[in-house]
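J.: Please find one structure pasted underneath; my questions will follow.
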Amino acid sequence: MDFLEFLNHSVSPYHTVNKLKQAFAAHGFNGLEADVGEKAQAGAAYFFERSGALIALRMPTKPSQDSKFRIALAHTDFPTLKIAPNPDGGAAGIKTLHSEIYGSPLFTSWLDRDLGYAGVLAVEKEGKIQQKIIRGDKLFRIPQLAIHLNRGVNQDGLKVDPQRDLNALWTSDAASSASDSFVEALQQFVAKDEKLLDFDIQLFDAQPATFGGFHDEWIYSGRLDNLSSCHAIAEAMIAAKPAEKDFQVACFFNNEEVGSVSREGASSNFLRAVLEYVWSATQASPETANYTLSFALENSLALSIDMAHAEHPNHPEKHDANHAPILGGGIVLKTNAQKRYASDVMSSAKLRQLCEKAGTSLQVFISRNDIPCGSTVGPAISASLGIPTVDIGEPMLSMHSIREMTAAKDHQDMIQVVKALYKD
């Protein structure tokens with residue numbers, strides 16, 4: 001699966017999951033629902049979907065009560081601007097769209113950019129509600145004030161009011177009728193026998209992903225956080241052969257950027273329900289399944305893969321001097337004394353073994369004591385399942401900007417490490 005093409009396609013969590021499903025299906029994975037009663041078969045490969053989230057797994061060829069889980073975790077969402085339910089506004093002869101802030105985007109990076117729109121529609125057809133994934137072919141924009149109207153901006157810095165300054169310009173009054181609304185514009189995606197009930201539409205950077213740097217050593221793209229991790233895990237899972245005893249699992253959760261507390265987030269029952277389903281297919285009786293599943297998880301390993309802060313050459317003071325990962329220096333082990341990351345001494349030791357097995361470099365990151373770090377899906381999964389988990393990532397710059405930057409070498413290293421996790 002070509003990395004740049006994957007980035008260009010995955011403009012919403014729904015598009016990401018759709019692309020992942022296509023890739024897995026093309027390599028023999030079958031879609032299942034954990035509550036349909038169909039028994040998972042030894043050596044088979046499956047995927048399970050839930051609203052912008054996906055779990056793919058390979059069953060062991062000879063499962064037993066000694067089987068364990070090899071799990072890689074990532075998330076499909078990214079900071080963005082979501083079109084509000086009633087978004088229409090306007091002034092100066094221009095119709096605007098009001099947005100809600102999703103996650104923590106770097107506001108200034110969204111100004112003066114070509115913006116696409118994409119997401120999912122809920123439509124009624126023959127009395128049933130269905131989802132329809134859509135991507136518009138028109139470009140919108142959020143222009144900032146000219147310097148002549150904001151004379152001190154270069155000296156004082158640009159301050160963005162998220163309520164006022166992030167309304168997108170989408171059409172002119174002259175080009176449309178006075179009654180035109182964005183919801184009406186969405187009708188172009190709705191068939192005559194369908195009725196639009198609701199929508200989940202977000203803006204995205206419309207500029208394609210590309211290689212950059214004098215030697216094409218870097219990748220420039222929107223959504224690298226965390227689509228890079230999704231791609232690395234998918235590539236490793238597709239390349240893997242079924243293990244004899246262990247379950248190989250790839251998890252792509254939604255809503256990490258807003259805390260993971262949702263039906264499709266890492267704090268949901270999604271992963272546990274899938275693991276219980278496939279585990280029960282290997283056990284003689286359901287009475288022992290939950291106990292042995294918990295025991296298996298305690299002896300398993302999860303890689304929580306999310307992007308990491310690379311040292312900025314213009315601001316090296318923002319990193320702890322001894323824990324400053326660099327672009328192209330290898331994957332990053334992320335640890336935190338406040339447990340914002342799930343890494344502990346034993347899971348970190350297992351990661352070091354994997355890196356030796358994969359032949360990849362390893363860097364270590366801790367945040368400065370005066371600059372708190374973010375978090376990942378790792379702590380939620382480790383706490384709820386009791387599985388040893390280590391947080392890792394590719395170093396990157398411009399995290400949470402509409403346009404981010406990472407090193408091609410580090411991405412290949414990440415693929416190799418996940419391959420080592422899945423390799424028997």
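Ligands are numbered from 1 in the order shown, chains are lettered A, B, ... in the order of the structure tokens, and residues start at 1 in each chain.
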Pick out each residue of range 166-325 of chain A that DSSP on the backbone tags as alpha helix (DSSP H); I need them as a PyMOL selection string.

T.: chain A and resi 182-185+224-239+270-280+286-298

J.: List as a Markdown table every residue of range 130-155 of chain A that is in contact with range 15-33 of chain A, defined as an atom at most 9 Å from one of its atoms (using only C-alpha atoms), together with the nearest atom pair and the distance in Å rounded to one decimal, sorted by chain and then rising number.

T.:
| residue | atom | partner | partner_atom | distance |
| --- | --- | --- | --- | --- |
| A:Ile133 | CA | A:His15 | CA | 7.2 |
| A:Ile134 | CA | A:His15 | CA | 8.6 |
| A:Arg135 | CA | A:His15 | CA | 9.0 |

J.: So how far away is CA of Ala310 in chain A from CA of Gln338 in chain A, in Å?

T.: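 The value is 20.6 Å.
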
J.: From a DSSP calculation on the backbone, collect every residue of range 6-58 of chain A in strand (DSSP E) and output the set as a list in words.

T.: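 Secondary structure check on range 6-58 of chain A, strand (DSSP E): Asn30, Gly31, Ala45, Tyr46, Phe47, Phe48, Glu49, Leu54, Ile55, Ala56, Leu57 and Arg58 of chain A.
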
J.: Any idea what's packed within 12 Å of range 148-158 of chain A, counting only C-alpha atoms, ignoring anything in its chain fewer than 6 positions away? Could you give it as a PDB file with C-alpha atoms, in the first residue's frame?

T.:
ATOM      1  CA  LEU A 106      -2.475  24.584  15.365  1.00  0.00           C
ATOM      2  CA  PHE A 107      -4.926  27.337  14.409  1.00  0.00           C
ATOM      3  CA  THR A 108      -2.627  29.552  12.373  1.00  0.00           C
ATOM      4  CA  SER A 109      -1.701  26.683  10.045  1.00  0.00           C
ATOM      5  CA  LEU A 111      -5.253  30.015   7.388  1.00  0.00           C
ATOM      6  CA  ASP A 165     -11.529  33.600  12.775  1.00  0.00           C
TER       7      ASP A 165
END

J.: Any chance you could tabulate, as a Markdown table, the residues of range 47-123 of chain A at most 9 Å from range 367-380 of chain A with each one's nearest atom pair and distance in Å to one decimal, using only C-alpha atoms, in chain and rising number order?

T.:
| residue | atom | partner | partner_atom | distance |
| --- | --- | --- | --- | --- |
| A:Leu73 | CA | A:Val377 | CA | 7.3 |
| A:Ala74 | CA | A:Val377 | CA | 7.2 |
| A:His75 | CA | A:Val377 | CA | 7.7 |

J.: Based on the selection just made, write all heavy atoms of those residues as a PDB file, in the first residue's frame.

T.:
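The resulting again-v2.pdb:
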ATOM      1  N   LEU A  73      -1.252  -0.723  18.199  1.00  0.00           N
ATOM      2  CA  LEU A  73      -2.346   0.229  18.386  1.00  0.00           C
ATOM      3  C   LEU A  73      -2.023   1.556  17.702  1.00  0.00           C
ATOM      4  O   LEU A  73      -0.893   2.045  17.782  1.00  0.00           O
ATOM      5  CB  LEU A  73      -2.569   0.503  19.875  1.00  0.00           C
ATOM      6  CG  LEU A  73      -2.645  -0.690  20.832  1.00  0.00           C
ATOM      7  CD1 LEU A  73      -2.465  -0.218  22.273  1.00  0.00           C
ATOM      8  CD2 LEU A  73      -3.981  -1.391  20.682  1.00  0.00           C
ATOM      9  N   ALA A  74      -3.027   2.144  17.060  1.00  0.00           N
ATOM     10  CA  ALA A  74      -2.891   3.488  16.497  1.00  0.00           C
ATOM     11  C   ALA A  74      -4.263   4.150  16.504  1.00  0.00           C
ATOM     12  O   ALA A  74      -5.238   3.576  17.013  1.00  0.00           O
ATOM     13  CB  ALA A  74      -2.316   3.429  15.080  1.00  0.00           C
ATOM     14  N   HIS A  75      -4.370   5.350  15.950  1.00  0.00           N
ATOM     15  CA  HIS A  75      -5.684   6.006  15.852  1.00  0.00           C
ATOM     16  C   HIS A  75      -5.860   6.646  14.494  1.00  0.00           C
ATOM     17  O   HIS A  75      -4.903   7.088  13.844  1.00  0.00           O
ATOM     18  CB  HIS A  75      -5.910   7.013  16.984  1.00  0.00           C
ATOM     19  CG  HIS A  75      -4.961   8.184  17.020  1.00  0.00           C
ATOM     20  ND1 HIS A  75      -5.194   9.346  16.329  1.00  0.00           N
ATOM     21  CD2 HIS A  75      -3.794   8.380  17.679  1.00  0.00           C
ATOM     22  CE1 HIS A  75      -4.218  10.213  16.562  1.00  0.00           C
ATOM     23  NE2 HIS A  75      -3.347   9.646  17.367  1.00  0.00           N
TER      24      HIS A  75
END

J.: So that each row is one residue of range 173-279 of chain A with an atom at most 9 Å from range 393-402 of chain A, can you give its shortest atom pair and the distance in Å to one decimal, using only C-alpha atoms, rows by chain and rising number, as JSON lines?

T.:
{"residue": "A:Phe204", "atom": "CA", "partner": "A:Ile402", "partner_atom": "CA", "distance": 7.7}
{"residue": "A:Asp205", "atom": "CA", "partner": "A:Ile402", "partner_atom": "CA", "distance": 6.2}
{"residue": "A:Ser221", "atom": "CA", "partner": "A:Ile402", "partner_atom": "CA", "distance": 8.1}
{"residue": "A:Gly222", "atom": "CA", "partner": "A:Ile402", "partner_atom": "CA", "distance": 5.4}
{"residue": "A:Arg223", "atom": "CA", "partner": "A:Ile402", "partner_atom": "CA", "distance": 7.2}
{"residue": "A:Leu224", "atom": "CA", "partner": "A:Met399", "partner_atom": "CA", "distance": 8.4}
{"residue": "A:Asp225", "atom": "CA", "partner": "A:Met399", "partner_atom": "CA", "distance": 7.0}
{"residue": "A:Ser228", "atom": "CA", "partner": "A:Glu394", "partner_atom": "CA", "distance": 8.1}
{"residue": "A:Ser229", "atom": "CA", "partner": "A:Gly393", "partner_atom": "CA", "distance": 7.6}

J.: Go ahead and save the residues from that selection, with N, CA and C atoms, as a compact mmCIF listing (two decimals), in the first residue's frame.

T.:
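So result-v2.txt came out as:
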# COMPACT_ATOMS: atom_id res chain seq x y z
N PHE A 204 -10.15 19.47 5.52
CA PHE A 204 -8.83 18.86 5.51
C PHE A 204 -7.92 19.60 4.54
N ASP A 205 -6.62 19.44 4.73
CA ASP A 205 -5.62 20.02 3.84
C ASP A 205 -5.69 19.33 2.49
N SER A 221 3.09 16.27 4.65
CA SER A 221 1.69 15.89 4.43
C SER A 221 0.84 16.38 5.59
N GLY A 222 -0.45 16.51 5.32
CA GLY A 222 -1.39 16.61 6.42
C GLY A 222 -1.60 15.23 7.02
N ARG A 223 -2.02 15.20 8.29
CA ARG A 223 -2.53 13.98 8.92
C ARG A 223 -1.47 12.91 9.21
N LEU A 224 -0.20 13.27 9.18
CA LEU A 224 0.84 12.30 9.52
C LEU A 224 0.63 11.76 10.92
N ASP A 225 0.15 12.61 11.81
CA ASP A 225 -0.26 12.21 13.15
C ASP A 225 -1.76 11.91 13.11
N SER A 228 0.59 7.93 9.79
CA SER A 228 1.86 7.23 9.62
C SER A 228 1.84 5.92 10.39
N SER A 229 1.35 5.96 11.61
CA SER A 229 1.30 4.76 12.44
C SER A 229 0.31 3.75 11.88

J.: Provide the CA of Ala321 in chain A to CA of Pro105 in chain A distance in Å, to one decimal place.

T.: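 Atom-to-atom, CA of Ala321 in chain A and CA of Pro105 in chain A are spaced 26.7 Å apart.
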
J.: What are the nearest atom pairs, with distances in Å to one decimal, for all residues of range 346-412 of chain A that come at most 10 Å from range 49-72 of chain A, using only C-alpha atoms, set out by chain and rising residue number as JSON lines?

T.:
{"residue": "A:Gly378", "atom": "CA", "partner": "A:Ala72", "partner_atom": "CA", "distance": 9.9}
{"residue": "A:Ile387", "atom": "CA", "partner": "A:Phe69", "partner_atom": "CA", "distance": 9.0}
{"residue": "A:Thr389", "atom": "CA", "partner": "A:Ile71", "partner_atom": "CA", "distance": 9.1}
{"residue": "A:Val390", "atom": "CA", "partner": "A:Ala72", "partner_atom": "CA", "distance": 9.9}

J.: Using the selection just defined, write its residues with all heavy atoms as a JSON list (two decimals), in the first residue's frame.

T.:
[["chain", "number", "residue", "atom", "x", "y", "z"],
["A", 378, "GLY", "N", -2.33, 4.24, 24.50],
["A", 378, "GLY", "CA", -1.64, 3.23, 25.29],
["A", 378, "GLY", "C", -2.12, 3.08, 26.72],
["A", 378, "GLY", "O", -2.44, 1.97, 27.16],
["A", 387, "ILE", "N", -2.67, -5.41, 29.83],
["A", 387, "ILE", "CA", -1.63, -5.90, 28.93],
["A", 387, "ILE", "C", -0.40, -4.99, 29.02],
["A", 387, "ILE", "O", -0.53, -3.76, 28.99],
["A", 387, "ILE", "CB", -2.15, -5.98, 27.48],
["A", 387, "ILE", "CG1", -1.09, -6.55, 26.55],
["A", 387, "ILE", "CG2", -2.64, -4.63, 26.98],
["A", 387, "ILE", "CD1", -1.59, -6.83, 25.15],
["A", 389, "THR", "N", 2.29, -2.64, 27.89],
["A", 389, "THR", "CA", 2.21, -1.76, 26.72],
["A", 389, "THR", "C", 3.40, -0.81, 26.73],
["A", 389, "THR", "O", 3.80, -0.32, 27.78],
["A", 389, "THR", "CB", 0.90, -0.96, 26.74],
["A", 389, "THR", "OG1", -0.20, -1.88, 26.81],
["A", 389, "THR", "CG2", 0.77, -0.10, 25.50],
["A", 390, "VAL", "N", 3.93, -0.56, 25.56],
["A", 390, "VAL", "CA", 5.02, 0.41, 25.42],
["A", 390, "VAL", "C", 4.62, 1.43, 24.36],
["A", 390, "VAL", "O", 4.07, 1.08, 23.32],
["A", 390, "VAL", "CB", 6.35, -0.28, 25.06],
["A", 390, "VAL", "CG1", 6.25, -1.07, 23.76],
["A", 390, "VAL", "CG2", 7.49, 0.72, 25.01]]

J.: Calculate how many Å separate CA of Asp180 in chain A from CA of Lys192 in chain A, rounding to one decimal.

T.: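 So the two atoms, CA of Asp180 in chain A and CA of Lys192 in chain A, lie 19.0 Å apart.
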
J.: Give me the residues within 12 Å of Leu327 in chain A as a PDB file with N, CA and C atoms, in the first residue's frame, counting only C-alpha atoms and dropping any in the same chain fewer than 5 places off.

T.:
ATOM      1  N   GLY A 213      12.885  17.913   1.188  1.00  0.00           N
ATOM      2  CA  GLY A 213      14.289  17.893   1.525  1.00  0.00           C
ATOM      3  C   GLY A 213      15.132  17.736   0.271  1.00  0.00           C
ATOM      4  N   GLU A 217      14.470  13.170   1.619  1.00  0.00           N
ATOM      5  CA  GLU A 217      14.553  12.341   2.825  1.00  0.00           C
ATOM      6  C   GLU A 217      13.368  12.525   3.761  1.00  0.00           C
ATOM      7  N   TRP A 218      12.556  13.533   3.519  1.00  0.00           N
ATOM      8  CA  TRP A 218      11.424  13.818   4.390  1.00  0.00           C
ATOM      9  C   TRP A 218      10.098  13.624   3.662  1.00  0.00           C
ATOM     10  N   ILE A 219       9.039  13.554   4.440  1.00  0.00           N
ATOM     11  CA  ILE A 219       7.680  13.473   3.904  1.00  0.00           C
ATOM     12  C   ILE A 219       6.889  14.649   4.455  1.00  0.00           C
ATOM     13  N   MET A 307       2.809   9.464  16.994  1.00  0.00           N
ATOM     14  CA  MET A 307       3.959  10.262  16.591  1.00  0.00           C
ATOM     15  C   MET A 307       4.648  10.903  17.789  1.00  0.00           C
ATOM     16  N   ALA A 308       5.929  11.217  17.637  1.00  0.00           N
ATOM     17  CA  ALA A 308       6.746  11.755  18.723  1.00  0.00           C
ATOM     18  C   ALA A 308       7.343  13.098  18.308  1.00  0.00           C
ATOM     19  N   HIS A 309       7.646  13.940  19.283  1.00  0.00           N
ATOM     20  CA  HIS A 309       8.204  15.265  19.015  1.00  0.00           C
ATOM     21  C   HIS A 309       9.693  15.174  18.700  1.00  0.00           C
ATOM     22  N   ALA A 310      10.056  15.515  17.469  1.00  0.00           N
ATOM     23  CA  ALA A 310      11.467  15.633  17.118  1.00  0.00           C
ATOM     24  C   ALA A 310      12.007  16.971  17.610  1.00  0.00           C
ATOM     25  N   GLU A 311      13.299  17.010  17.857  1.00  0.00           N
ATOM     26  CA  GLU A 311      13.932  18.268  18.244  1.00  0.00           C
ATOM     27  C   GLU A 311      13.862  19.261  17.086  1.00  0.00           C
ATOM     28  N   HIS A 312      13.409  20.476  17.386  1.00  0.00           N
ATOM     29  CA  HIS A 312      13.298  21.528  16.375  1.00  0.00           C
ATOM     30  C   HIS A 312      14.636  22.268  16.299  1.00  0.00           C
ATOM     31  N   PRO A 313      15.250  22.350  15.118  1.00  0.00           N
ATOM     32  CA  PRO A 313      16.574  22.986  15.047  1.00  0.00           C
ATOM     33  C   PRO A 313      16.577  24.460  15.440  1.00  0.00           C
ATOM     34  N   VAL A 332      11.111   6.185  18.284  1.00  0.00           N
ATOM     35  CA  VAL A 332      11.243   6.819  19.594  1.00  0.00           C
ATOM     36  C   VAL A 332      10.485   6.020  20.646  1.00  0.00           C
ATOM     37  N   SER A 361      17.257   1.507  14.763  1.00  0.00           N
ATOM     38  CA  SER A 361      17.765   2.395  15.811  1.00  0.00           C
ATOM     39  C   SER A 361      16.630   2.776  16.760  1.00  0.00           C
ATOM     40  N   LEU A 362      17.004   3.154  17.975  1.00  0.00           N
ATOM     41  CA  LEU A 362      16.017   3.541  18.987  1.00  0.00           C
ATOM     42  C   LEU A 362      16.473   4.808  19.685  1.00  0.00           C
ATOM     43  N   GLN A 363      15.558   5.774  19.786  1.00  0.00           N
ATOM     44  CA  GLN A 363      15.785   7.001  20.538  1.00  0.00           C
ATOM     45  C   GLN A 363      14.806   7.029  21.713  1.00  0.00           C
ATOM     46  N   GLY A 393       6.917   5.895  18.709  1.00  0.00           N
ATOM     47  CA  GLY A 393       6.454   6.717  17.606  1.00  0.00           C
ATOM     48  C   GLY A 393       7.577   7.121  16.683  1.00  0.00           C
ATOM     49  N   GLU A 394       7.201   7.663  15.524  1.00  0.00           N
ATOM     50  CA  GLU A 394       8.161   8.259  14.612  1.00  0.00           C
ATOM     51  C   GLU A 394       8.359   9.719  15.012  1.00  0.00           C
ATOM     52  N   PRO A 395       9.605  10.201  15.048  1.00  0.00           N
ATOM     53  CA  PRO A 395       9.815  11.626  15.341  1.00  0.00           C
ATOM     54  C   PRO A 395       9.284  12.490  14.213  1.00  0.00           C
ATOM     55  N   MET A 396       8.713  13.631  14.547  1.00  0.00           N
ATOM     56  CA  MET A 396       8.129  14.516  13.539  1.00  0.00           C
ATOM     57  C   MET A 396       8.234  15.958  13.984  1.00  0.00           C
ATOM     58  N   LEU A 397       8.081  16.870  13.050  1.00  0.00           N
ATOM     59  CA  LEU A 397       7.979  18.303  13.317  1.00  0.00           C
ATOM     60  C   LEU A 397       6.605  18.798  12.880  1.00  0.00           C
ATOM     61  N   MET A 405       5.502  16.987   9.119  1.00  0.00           N
ATOM     62  CA  MET A 405       6.767  16.585   8.505  1.00  0.00           C
ATOM     63  C   MET A 405       7.389  15.440   9.293  1.00  0.00           C
ATOM     64  N   THR A 406       7.818  14.396   8.583  1.00  0.00           N
ATOM     65  CA  THR A 406       8.507  13.276   9.214  1.00  0.00           C
ATOM     66  C   THR A 406       9.584  12.771   8.264  1.00  0.00           C
ATOM     67  N   ALA A 407      10.404  11.815   8.725  1.00  0.00           N
ATOM     68  CA  ALA A 407      11.505  11.280   7.924  1.00  0.00           C
ATOM     69  C   ALA A 407      11.105   9.937   7.318  1.00  0.00           C
ATOM     70  N   ALA A 408      11.366   9.764   6.032  1.00  0.00           N
ATOM     71  CA  ALA A 408      11.013   8.517   5.349  1.00  0.00           C
ATOM     72  C   ALA A 408      11.719   7.324   5.990  1.00  0.00           C
ATOM     73  N   LYS A 409      12.963   7.496   6.414  1.00  0.00           N
ATOM     74  CA  LYS A 409      13.713   6.397   7.031  1.00  0.00           C
ATOM     75  C   LYS A 409      13.040   5.919   8.312  1.00  0.00           C
ATOM     76  N   ASP A 410      12.579   6.847   9.134  1.00  0.00           N
ATOM     77  CA  ASP A 410      11.946   6.460  10.397  1.00  0.00           C
ATOM     78  C   ASP A 410      10.663   5.693  10.159  1.00  0.00           C
ATOM     79  N   HIS A 411       9.945   6.062   9.095  1.00  0.00           N
ATOM     80  CA  HIS A 411       8.716   5.332   8.790  1.00  0.00           C
ATOM     81  C   HIS A 411       9.032   3.889   8.398  1.00  0.00           C
TER      82      HIS A 411
END

J.: Report as a list in words all protein, DNA and RNA residues lying within 9 Å of Thr96 in chain A, evaluated on only C-alpha atoms, omitting residues in the same chain fewer than 2 positions from it.

T.: Pro87, Asp88, Gly89, Gly90, Ala91, Ile94, His98, Asn167, Ala168, Leu169, Trp170, Thr171 and Ser172 of chain A

J.: Give me the residues near range 231-236 of chain A as a PyMOL selection string, where near means some atom within 6 Å (using only C-alpha atoms) and where sequence neighbours in that chain fewer than 6 positions away do not count.

T.: chain A and resi 415+418-419
